[in-house]
>>> print(open('run15.txt').read())   # compact mmCIF, C-alpha atoms and all ligand atoms
# COMPACT_ATOMS: atom_id res chain seq x y z
CA MET O 9 26.29 -31.90 -60.39
CA THR O 10 25.79 -29.16 -62.90
CA GLY O 11 27.31 -26.52 -60.63
CA THR O 12 23.89 -24.89 -60.08
CA GLY O 13 22.82 -27.07 -57.17
CA LEU O 14 20.42 -28.90 -59.46
CA PRO O 15 20.78 -32.07 -61.52
CA MET O 16 20.68 -32.00 -65.31
CA THR O 17 17.21 -33.01 -66.52
CA VAL O 18 17.13 -36.09 -68.73
CA PRO O 19 13.63 -37.64 -68.81
CA ALA O 20 13.08 -41.40 -68.99
CA ALA O 21 10.06 -43.13 -70.53
CA GLY O 22 7.26 -44.79 -68.59
CA LEU O 23 7.24 -42.59 -65.49
CA PRO O 24 4.58 -40.29 -64.02
CA ALA O 25 4.72 -36.62 -65.06
CA ARG O 26 4.20 -35.45 -61.49
CA VAL O 27 4.79 -36.94 -58.04
CA ARG O 28 3.06 -35.85 -54.85
CA ILE O 29 5.52 -35.98 -52.00
CA HIS O 30 3.97 -36.86 -48.63
CA GLU O 31 6.44 -35.25 -46.24
CA VAL O 32 6.79 -37.19 -42.96
CA GLY O 33 9.84 -35.56 -41.33
CA ALA O 34 7.91 -33.74 -38.63
CA ARG O 35 6.11 -36.93 -37.60
CA ASP O 36 8.07 -40.05 -38.59
CA GLY O 37 11.35 -38.14 -38.28
CA LEU O 38 10.87 -36.40 -34.98
CA GLN O 39 9.04 -39.27 -33.25
CA ASN O 40 12.32 -41.16 -33.26
CA GLU O 41 14.65 -38.45 -31.99
CA ASN O 42 16.05 -38.89 -28.50
CA ALA O 43 15.84 -35.14 -28.02
CA VAL O 44 12.37 -33.71 -27.55
CA VAL O 45 12.22 -30.84 -30.03
CA PRO O 46 10.52 -27.69 -28.68
CA THR O 47 7.04 -27.05 -30.07
CA GLU O 48 8.03 -23.69 -31.62
CA VAL O 49 10.93 -25.35 -33.46
CA LYS O 50 8.57 -27.99 -34.86
CA ALA O 51 6.16 -25.26 -35.99
CA GLU O 52 8.98 -23.38 -37.71
CA PHE O 53 10.21 -26.61 -39.33
CA ILE O 54 6.74 -27.30 -40.78
CA HIS O 55 6.37 -23.71 -42.02
CA ARG O 56 9.77 -23.91 -43.70
CA LEU O 57 8.81 -27.23 -45.35
CA ALA O 58 5.67 -25.62 -46.72
CA ASP O 59 7.70 -22.60 -47.92
CA ALA O 60 9.94 -25.02 -49.80
CA GLY O 61 6.89 -26.13 -51.79
CA LEU O 62 5.78 -29.28 -49.95
CA THR O 63 1.98 -29.42 -50.10
CA THR O 64 1.38 -32.45 -47.84
CA VAL O 65 3.20 -32.21 -44.52
CA GLU O 66 2.31 -34.83 -41.92
CA ALA O 67 2.27 -32.73 -38.77
CA THR O 68 2.12 -34.98 -35.69
CA SER O 69 0.33 -37.92 -34.05
CA PHE O 70 -2.55 -37.99 -31.58
CA VAL O 71 -1.30 -41.18 -29.94
CA HIS O 72 -0.79 -42.00 -26.28
CA PRO O 73 1.83 -39.50 -25.01
CA LYS O 74 3.54 -42.23 -22.99
CA TRP O 75 4.03 -44.32 -26.13
CA VAL O 76 5.54 -41.47 -28.16
CA PRO O 77 6.65 -38.67 -25.80
CA GLN O 78 8.35 -36.81 -28.67
CA LEU O 79 4.91 -35.95 -30.08
CA ALA O 80 3.16 -35.33 -26.75
CA ASP O 81 2.75 -31.65 -27.67
CA ALA O 82 0.27 -32.33 -30.53
CA GLU O 83 -2.39 -30.12 -28.87
CA GLN O 84 0.05 -27.22 -28.61
CA LEU O 85 1.60 -27.68 -32.06
CA PHE O 86 -1.41 -28.18 -34.30
CA PRO O 87 -3.04 -24.75 -33.71
CA LEU O 88 0.28 -23.08 -34.65
CA LEU O 89 -0.23 -24.47 -38.18
CA ASP O 90 -3.73 -23.12 -38.86
CA ASP O 91 -2.36 -20.40 -41.15
CA LEU O 92 -0.86 -23.06 -43.44
CA ARG O 93 -4.01 -25.12 -43.79
CA ASP O 94 -6.35 -22.15 -44.12
CA GLY O 95 -3.95 -19.94 -46.12
CA PRO O 96 -3.68 -19.56 -49.91
CA ALA O 97 -1.31 -22.52 -50.26
CA GLY O 98 -3.90 -24.83 -48.63
CA VAL O 99 -1.21 -27.10 -47.24
CA ARG O 100 -2.49 -30.54 -46.30
CA LEU O 101 -1.64 -31.41 -42.70
CA PRO O 102 -2.50 -35.05 -42.03
CA VAL O 103 -2.09 -36.45 -38.51
CA LEU O 104 -1.88 -40.00 -37.18
CA VAL O 105 -4.76 -41.27 -35.05
CA PRO O 106 -4.77 -44.87 -33.76
CA ASN O 107 -8.22 -44.89 -32.18
CA GLU O 108 -11.35 -42.87 -31.46
CA ARG O 109 -9.62 -41.01 -28.63
CA GLY O 110 -7.00 -39.85 -31.13
CA LEU O 111 -9.68 -38.88 -33.65
CA ASP O 112 -11.54 -36.83 -31.02
CA ARG O 113 -8.36 -34.98 -30.11
CA ALA O 114 -7.56 -34.28 -33.78
CA THR O 115 -11.05 -33.15 -34.81
CA ALA O 116 -11.31 -30.87 -31.77
CA LEU O 117 -8.44 -28.90 -33.32
CA GLY O 118 -9.89 -28.87 -36.84
CA ALA O 119 -7.78 -31.60 -38.46
CA ASP O 120 -9.29 -32.66 -41.78
CA ARG O 121 -6.92 -35.46 -42.81
CA VAL O 122 -6.06 -38.43 -40.63
CA ALA O 123 -4.09 -41.64 -40.95
CA VAL O 124 -4.59 -44.95 -39.19
CA PHE O 125 -1.63 -47.31 -39.08
CA ALA O 126 -1.92 -51.08 -39.35
CA SER O 127 0.69 -53.83 -39.48
CA ALA O 128 1.10 -56.75 -41.85
CA THR O 129 2.65 -58.77 -39.00
CA GLU O 130 1.39 -59.82 -35.59
CA SER O 131 4.66 -58.96 -33.81
CA PHE O 132 4.66 -55.35 -34.89
CA ALA O 133 0.91 -54.95 -34.31
CA LYS O 134 1.55 -55.98 -30.72
CA ALA O 135 4.64 -53.80 -30.27
CA ASN O 136 3.15 -50.70 -31.90
CA LEU O 137 -0.53 -50.87 -30.98
CA ASN O 138 -0.81 -53.44 -28.18
CA ARG O 139 -3.24 -55.38 -30.38
CA THR O 140 -3.36 -58.30 -32.82
CA VAL O 141 -3.61 -57.34 -36.52
CA ASP O 142 -7.37 -57.96 -36.52
CA GLU O 143 -7.94 -56.24 -33.16
CA ALA O 144 -6.15 -53.19 -34.56
CA LEU O 145 -8.38 -53.24 -37.67
CA ALA O 146 -11.41 -53.42 -35.36
CA MET O 147 -10.03 -50.41 -33.45
CA PHE O 148 -9.70 -48.47 -36.74
CA ALA O 149 -13.20 -49.30 -38.05
CA PRO O 150 -15.10 -46.61 -36.09
CA VAL O 151 -12.24 -44.14 -36.62
CA VAL O 152 -12.46 -44.47 -40.40
CA SER O 153 -16.26 -44.44 -40.54
CA ARG O 154 -16.56 -41.40 -38.27
CA ALA O 155 -13.84 -39.58 -40.22
CA ARG O 156 -15.56 -40.34 -43.51
CA GLU O 157 -18.87 -39.06 -42.13
CA ARG O 158 -17.09 -35.75 -41.57
CA ASP O 159 -15.66 -35.81 -45.13
CA MET O 160 -12.15 -36.19 -43.82
CA HIS O 161 -9.47 -37.80 -45.96
CA VAL O 162 -8.23 -41.06 -44.46
CA ARG O 163 -4.88 -42.65 -45.19
CA GLY O 164 -4.20 -46.24 -44.17
CA TYR O 165 -0.58 -46.99 -43.40
CA LEU O 166 0.58 -50.56 -43.46
CA SER O 167 3.88 -51.34 -41.74
CA MET O 168 6.24 -54.30 -42.25
CA CYS O 169 5.16 -54.84 -45.87
CA PHE O 170 8.46 -56.50 -46.83
CA GLY O 171 10.21 -57.73 -43.69
CA ASP O 172 9.78 -57.70 -39.93
CA PRO O 173 12.56 -57.61 -37.31
CA TRP O 174 10.97 -60.43 -35.29
CA GLU O 175 9.35 -62.53 -38.05
CA GLY O 176 11.77 -62.10 -40.99
CA PRO O 177 10.53 -61.89 -44.60
CA VAL O 178 6.83 -61.08 -44.99
CA GLU O 179 4.70 -62.94 -47.53
CA VAL O 180 3.01 -60.78 -50.17
CA GLY O 181 -0.36 -62.47 -49.47
CA GLN O 182 -0.25 -61.34 -45.83
CA VAL O 183 0.22 -57.72 -46.96
CA VAL O 184 -2.52 -57.92 -49.59
CA ARG O 185 -5.01 -59.18 -46.99
CA VAL O 186 -4.51 -56.21 -44.65
CA CYS O 187 -4.41 -53.70 -47.54
CA ARG O 188 -7.77 -54.97 -48.74
CA ALA O 189 -9.13 -54.77 -45.19
CA LEU O 190 -7.99 -51.13 -44.87
CA LEU O 191 -9.67 -50.20 -48.15
CA ASP O 192 -12.82 -52.09 -47.15
CA LEU O 193 -12.93 -50.02 -43.94
CA GLY O 194 -13.09 -46.94 -46.18
CA CYS O 195 -9.51 -45.64 -46.36
CA ASP O 196 -8.99 -43.31 -49.33
CA GLU O 197 -5.36 -44.24 -49.88
CA LEU O 198 -2.78 -46.74 -48.67
CA SER O 199 0.85 -46.20 -47.80
CA LEU O 200 3.01 -49.30 -48.03
CA GLY O 201 5.65 -49.12 -45.30
CA ASP O 202 9.04 -50.76 -45.53
CA THR O 203 9.50 -49.99 -41.85
CA ILE O 204 12.96 -51.59 -41.51
CA GLY O 205 14.19 -50.81 -45.03
CA VAL O 206 14.80 -54.37 -46.25
CA ALA O 207 12.85 -54.22 -49.53
CA THR O 208 14.52 -54.53 -52.92
CA PRO O 209 13.03 -53.40 -56.27
CA GLY O 210 11.79 -56.79 -57.50
CA HIS O 211 9.93 -57.30 -54.24
CA VAL O 212 8.30 -53.87 -54.62
CA THR O 213 7.10 -54.69 -58.14
CA ALA O 214 5.83 -58.11 -57.01
CA LEU O 215 3.82 -56.56 -54.15
CA LEU O 216 2.32 -53.84 -56.37
CA THR O 217 1.36 -56.43 -59.00
CA ALA O 218 -0.26 -58.66 -56.37
CA LEU O 219 -2.21 -55.69 -55.02
CA ASN O 220 -3.48 -54.83 -58.51
CA GLU O 221 -4.52 -58.46 -58.98
CA ALA O 222 -6.47 -58.23 -55.72
CA GLY O 223 -8.37 -55.22 -57.09
CA VAL O 224 -6.31 -52.44 -55.45
CA PRO O 225 -5.69 -49.76 -58.09
CA THR O 226 -2.22 -48.20 -58.28
CA ASP O 227 -3.61 -44.68 -57.94
CA ARG O 228 -4.67 -45.44 -54.36
CA ILE O 229 -1.20 -46.62 -53.34
CA GLY O 230 1.65 -44.57 -51.90
CA VAL O 231 5.06 -45.94 -50.94
CA HIS O 232 6.95 -45.34 -47.69
CA PHE O 233 10.54 -46.51 -47.76
CA HIS O 234 13.13 -46.42 -45.01
CA ASP O 235 16.73 -46.35 -46.17
CA THR O 236 18.40 -48.81 -43.77
CA TYR O 237 20.14 -50.76 -46.54
CA GLY O 238 20.42 -47.91 -49.06
CA GLN O 239 17.58 -49.27 -51.21
CA ALA O 240 14.98 -46.55 -50.77
CA LEU O 241 15.62 -44.69 -54.03
CA ALA O 242 15.92 -47.87 -56.10
CA ASN O 243 12.66 -49.09 -54.58
CA THR O 244 11.02 -45.74 -55.33
CA LEU O 245 12.07 -45.94 -58.97
CA ALA O 246 10.57 -49.44 -59.21
CA ALA O 247 7.30 -48.08 -57.77
CA LEU O 248 7.30 -45.10 -60.19
CA ARG O 249 7.79 -47.48 -63.11
CA HIS O 250 4.73 -49.35 -61.87
CA GLY O 251 2.74 -46.08 -61.97
CA VAL O 252 2.83 -45.03 -58.31
CA SER O 253 2.82 -41.23 -57.98
CA THR O 254 2.58 -40.68 -54.20
CA VAL O 255 5.89 -41.05 -52.40
CA ASP O 256 6.54 -40.55 -48.68
CA ALA O 257 9.84 -38.99 -47.68
CA SER O 258 11.38 -37.22 -44.74
CA ALA O 259 13.28 -33.94 -44.98
CA GLY O 260 16.95 -34.54 -44.35
CA GLY O 261 16.32 -38.30 -43.94
CA LEU O 262 15.14 -37.91 -40.35
CA GLY O 263 13.28 -40.83 -38.95
CA GLY O 264 12.75 -44.37 -37.87
CA CYS O 265 10.16 -45.93 -35.64
CA PRO O 266 10.34 -46.13 -31.85
CA TYR O 267 8.69 -49.56 -31.81
CA ALA O 268 10.92 -51.20 -34.46
CA LYS O 269 14.49 -50.92 -33.27
CA SER O 270 16.09 -51.72 -36.60
CA ALA O 271 14.21 -48.96 -38.43
CA THR O 272 16.45 -46.08 -39.51
CA GLY O 273 15.65 -42.88 -41.33
CA ASN O 274 13.13 -42.54 -44.11
CA LEU O 275 14.07 -41.87 -47.68
CA ALA O 276 15.40 -38.30 -47.58
CA THR O 277 13.11 -35.85 -49.39
CA GLU O 278 16.12 -34.07 -50.91
CA ASP O 279 17.53 -37.32 -52.35
CA LEU O 280 14.09 -38.04 -53.82
CA VAL O 281 13.70 -34.53 -55.28
CA TRP O 282 17.19 -34.69 -56.82
CA MET O 283 16.26 -37.89 -58.66
CA LEU O 284 12.79 -36.68 -59.69
CA GLN O 285 14.10 -33.36 -60.92
CA GLY O 286 16.77 -35.17 -62.94
CA LEU O 287 14.02 -37.27 -64.51
CA GLY O 288 11.97 -34.14 -65.32
CA ILE O 289 9.19 -35.21 -62.93
CA GLU O 290 7.39 -32.26 -61.33
CA THR O 291 7.19 -31.99 -57.53
CA GLY O 292 6.81 -28.26 -56.91
CA VAL O 293 9.67 -28.42 -54.40
CA ASP O 294 12.52 -25.90 -54.26
CA LEU O 295 15.52 -28.10 -53.53
CA GLY O 296 17.76 -25.28 -52.27
CA ARG O 297 15.19 -24.09 -49.74
CA LEU O 298 14.44 -27.60 -48.62
CA SER O 299 18.11 -28.50 -48.07
CA ALA O 300 18.64 -25.29 -46.13
CA THR O 301 15.69 -26.26 -43.91
CA SER O 302 17.12 -29.71 -43.25
CA ALA O 303 20.55 -28.26 -42.49
CA TRP O 304 18.85 -25.85 -40.06
CA MET O 305 17.01 -28.75 -38.41
CA ALA O 306 20.23 -30.79 -38.22
CA ASP O 307 21.77 -27.88 -36.30
CA ARG O 308 18.80 -27.87 -33.89
CA LEU O 309 19.25 -31.63 -33.37
CA GLY O 310 23.01 -31.29 -33.00
CA ARG O 311 23.98 -33.82 -35.67
CA PRO O 312 24.48 -33.75 -39.44
CA SER O 313 21.70 -34.77 -41.81
CA PRO O 314 22.05 -38.34 -43.10
CA SER O 315 20.90 -37.15 -46.55
CA ARG O 316 23.67 -37.26 -49.15
CA THR O 317 21.97 -34.48 -51.11
CA VAL O 318 21.67 -32.21 -48.08
CA ARG O 319 25.35 -32.76 -47.29
CA ALA O 320 26.42 -32.10 -50.87
CA LEU O 321 24.31 -28.98 -51.25
CA THR O 322 25.02 -27.43 -47.85
CA HIS O 323 28.61 -28.66 -47.42
CA GLN O 324 27.80 -30.21 -44.04
CA GLU O 325 30.51 -32.14 -42.21
CA GLN O 326 29.90 -35.90 -42.01
P1 LIG W 1 -3.12 -49.14 -24.98
O1 LIG W 1 -2.20 -49.06 -23.81
O2 LIG W 1 -3.58 -50.50 -25.41
O3 LIG W 1 -4.34 -48.16 -24.77
O4 LIG W 1 -2.39 -48.43 -26.19
P2 LIG W 1 -5.80 -48.40 -24.23
O5 LIG W 1 -6.74 -48.34 -25.39
O6 LIG W 1 -5.83 -49.62 -23.35
O7 LIG W 1 -5.98 -47.11 -23.30
C1 LIG W 1 -5.13 -46.92 -22.16
C2 LIG W 1 -5.14 -45.45 -21.76
O8 LIG W 1 -4.57 -44.67 -22.80
C3 LIG W 1 -6.51 -44.87 -21.50
O9 LIG W 1 -6.37 -43.93 -20.43
C4 LIG W 1 -6.83 -44.15 -22.76
O10 LIG W 1 -7.73 -43.05 -22.60
C5 LIG W 1 -5.47 -43.61 -23.16
P3 LIG W 1 -6.88 -44.26 -18.94
O11 LIG W 1 -8.36 -44.51 -19.13
O12 LIG W 1 -6.12 -45.48 -18.56
O13 LIG W 1 -6.51 -43.01 -18.22
N1 LIG W 1 -5.39 -43.40 -24.61
C6 LIG W 1 -5.03 -42.26 -25.21
N2 LIG W 1 -4.60 -41.08 -24.74
C7 LIG W 1 -4.33 -40.12 -25.64
N3 LIG W 1 -4.44 -40.30 -26.97
C8 LIG W 1 -4.84 -41.47 -27.49
C9 LIG W 1 -5.15 -42.50 -26.58
N4 LIG W 1 -5.57 -43.77 -26.76
C10 LIG W 1 -5.71 -44.30 -25.56
N5 LIG W 1 -4.96 -41.62 -28.81
C11 LIG W 1 -2.51 -47.18 -28.23
C12 LIG W 1 -3.02 -48.39 -27.47
C13 LIG W 1 -2.96 -47.34 -29.66
C14 LIG W 1 -3.12 -45.94 -27.62
C15 LIG W 1 -0.96 -47.11 -28.11
O14 LIG W 1 -0.45 -48.36 -28.49
C16 LIG W 1 -0.35 -46.04 -28.96
O15 LIG W 1 -0.53 -44.85 -28.72
N6 LIG W 1 0.45 -46.44 -29.98
C17 LIG W 1 1.07 -45.50 -30.89
C18 LIG W 1 2.40 -46.02 -31.39
C19 LIG W 1 2.96 -45.09 -32.43
O16 LIG W 1 2.60 -43.93 -32.53
N7 LIG W 1 3.91 -45.62 -33.25
C20 LIG W 1 4.55 -44.86 -34.29
C21 LIG W 1 3.65 -44.60 -35.48
S1 LIG W 1 3.58 -45.96 -36.62
C22 LIG W 1 4.99 -45.76 -37.64
O17 LIG W 1 5.85 -44.98 -37.34
C23 LIG W 1 5.07 -46.55 -38.92
C24 LIG W 1 4.82 -45.71 -40.16
O18 LIG W 1 5.78 -44.66 -40.28
C25 LIG W 1 4.90 -46.59 -41.43
C26 LIG W 1 6.16 -47.48 -41.49
O19 LIG W 1 7.30 -46.96 -41.53
O20 LIG W 1 5.96 -48.68 -41.46
C27 LIG W 1 3.42 -45.06 -40.12
MG MG W 2 7.83 -44.91 -41.15
>>> encode(input="run15.txt", output="C-alpha cells")
Amino acid sequence: MTGTGLPMTVPAAGLPARVRIHEVGARDGLQNENAVVPTEVKAEFIHRLADAGLTTVEATSFVHPKWVPQLADAEQLFPLLDDLRDGPAGVRLPVLVPNERGLDRATALGADRVAVFASATESFAKANLNRTVDEALAMFAPVVSRARERDMHVRGYLSMCFGDPWEGPVEVGQVVRVCRALLDLGCDELSLGDTIGVATPGHVTALLTALNEAGVPTDRIGVHFHDTYGQALANTLAALRHGVSTVDASAGGLGGCPYAKSATGNLATEDLVWMLQGLGIETGVDLGRLSATSAWMADRLGRPSPSRTVRALTHQEQ
C-alpha cells in the first residue's frame, strides 16, 4: 500500500489497456443472501455503484419469484433505476431472463439488455432451470431472437465451465459446444462462469484457446469467476493475458448461486480494481467510493465484506 489507498502503478506487457467491469453484486450477490434486502436499499446500492464509476451494473433477474425470492421485487426495483439508464452516464443495466415470460416482464419496464443463462452440465441445467442443457437452449431461442429483433443486447452466461458439484471436472469440449450454441442463437457476448470457483489459470487458458479454435473470438468472451478457492484473481490475470477485456465482479465479493450449494462469492470488484489499477489498466472506477459502498452494504447485511481490499481500505473487522 502506498499510503494513499491506491496501489503503485507498474504496468506489465501483453495486457489490455482498458477493462470493462460487468458488476454483478446486485444480482449474483444479493440473490444468494439469506436476508431479503429492501427494494430501496437495492436501488441505493445500484446508484452508489454507478456513482463509483461502474458503467455496467446487472440490476436483477426476471425469473420465477419462487425460485429466487431475493429478487422477487424486480418489477418494483427496475423503474427506480430509470434515471441511471436514461441519464448522462448512460449506465447499462442488464437483467437476467430465462424464458419468454421473463423477457416480457423485462421489456414491459424498458430493459434494453438481457442475459440468458445456460449450463455446460446436465446436473446444473436441471437444478437451475428444470431443463436438460438442450431443452434450456430451446427455451432461450425465442428469447434471443425476440430480443435481437428489438435491438437489445444479449449476453449468454454459461455456468459450470470448469467443474460441477455433482459431476466433477468439466471437459473443455462440453463447454465449447454450448458456447457455440449460444452464439449461434444470436448472443452478442458470452460470460464463462466458474460457478463453484474451482478453475486454475492453466485451465482458463486452455478453455479460451479451445474456444478460439472453435471460431469464438476473444472479444466476445467475458469471464465470471467465483473465489471459493482463492483463484479468482489469478484466473482473471490468465484471461487478461489471453486478451479478454470484460470481467465480471461483485462489489464487496457478495455472491454465490442458490442452486449450486458450493458456490461462494464472486471475485470482489475492489480486489479486481486494485490489481488493474496497479497494472495501469483503465476501469473508470473510483476505488475509495466503491469500497465505501461495499462497507455500507456489509452494514445493511449485518456482516463484514469478504473482500480483502474492502477490509484493508475501510478497516472493517473480520
Ligand atoms: P419451471 O418450474 O420449469 O417453470 O421453472 P415453467 O416454465 O414450467 O412454468 C411454471 C410457472 O412459472 C408458470 O406459472 C409460469 O408462468 C411461471 P403457472 O402457469 O403455473 O401459474 N413462470 C414465471 N413467472 C415469472 N417469471 C418468469 C417465469 N417463468 C415461468 N420468468 C424457470 C423454469 C426457468 C422459470 C425456473 O427454473 C427459474 O426461474 N430459474 C431461475 C434460477 C435462477 O435464477 N438461478 C440463478 C441465476 S444463474 C447464476 O447465478 C449463474 C451465473 O451467475 C453464472 C455462474 O456463476 O455460473 C449467471
Ligand atoms: Mg455467478
>>> residues_near_ligand(input="run15.txt", ligand="ligand LIG 1 (chain W)", cutoff="7 Å", atoms="all atoms listed in the file", output="ChimeraX atom specification")
/O:36,69-73,75-76,105-107,109-110,125,136-139,165-168,201-203,232,234,264-267
>>> residues_around(input="run15.txt", residues="stretch 86-95 of chain O", least_positions_apart="2", cutoff="8 Å", atoms="all atoms listed in the file", output="JSON, numbers by chain")
{"O": [51, 54, 55, 58, 67, 68, 82, 83, 84, 97, 98, 99, 100, 101, 117]}
>>> residues_near_ligand(input="run15.txt", ligand="ligand MG 2 (chain W)", cutoff="12 Å", atoms="all atoms listed in the file", output="ChimeraX atom specification")
/O:30-40,66,104,125-127,136,165-169,199-205,231-236,256-258,261-276
>>> atom_distance(input="run15.txt", atom1="atom CA of O:Val27", atom2="atom CA of O:Val293")
10.5 Å
>>> closest_residue(input="run15.txt", among="O:Thr277, O:Glu179, O:Val44, O:Thr217", to="O:Arg249", atoms="all atoms listed in the file")
O:Thr217
>>> atom_distance(input="run15.txt", atom1="atom CA of O:Leu79", atom2="atom CA of O:Lys50")
10.0 Å
>>> residues_around(input="run15.txt", residues="O:Glu175", least_positions_apart="2", cutoff="10 Å", atoms="only C-alpha atoms", output="JSON, numbers by chain")
{"O": [129, 130, 131, 132, 168, 171, 172, 173, 177, 178]}
>>> write_last_selection(input="run15.txt", atoms="C-alpha atoms", output="PDB file, in the frame of the given file")
ATOM      1  CA  THR O 129       2.650 -58.770 -39.000  1.00  0.00           C
ATOM      2  CA  GLU O 130       1.390 -59.820 -35.590  1.00  0.00           C
ATOM      3  CA  SER O 131       4.660 -58.960 -33.810  1.00  0.00           C
ATOM      4  CA  PHE O 132       4.660 -55.350 -34.890  1.00  0.00           C
ATOM      5  CA  MET O 168       6.240 -54.300 -42.250  1.00  0.00           C
ATOM      6  CA  GLY O 171      10.210 -57.730 -43.690  1.00  0.00           C
ATOM      7  CA  ASP O 172       9.780 -57.700 -39.930  1.00  0.00           C
ATOM      8  CA  PRO O 173      12.560 -57.610 -37.310  1.00  0.00           C
ATOM      9  CA  PRO O 177      10.530 -61.890 -44.600  1.00  0.00           C
ATOM     10  CA  VAL O 178       6.830 -61.080 -44.990  1.00  0.00           C
TER      11      VAL O 178
END
>>> closest_residue(input="run15.txt", among="O:Gly22, O:Gly251, O:Gly238, O:Gly292", to="O:Ser315", atoms="all atoms listed in the file")
O:Gly238
>>> closest_residue(input="run15.txt", among="O:Asp159, O:Glu48, O:Glu290, O:Asp279", to="O:Asp81", atoms="all atoms listed in the file")
O:Glu48
>>> residues_near_point(input="run15.txt", point="(16.8, -33.9, -71.4)", cutoff="10 Å", atoms="only C-alpha atoms", output="PyMOL selection string")
chain O and resi 16-20+286-288
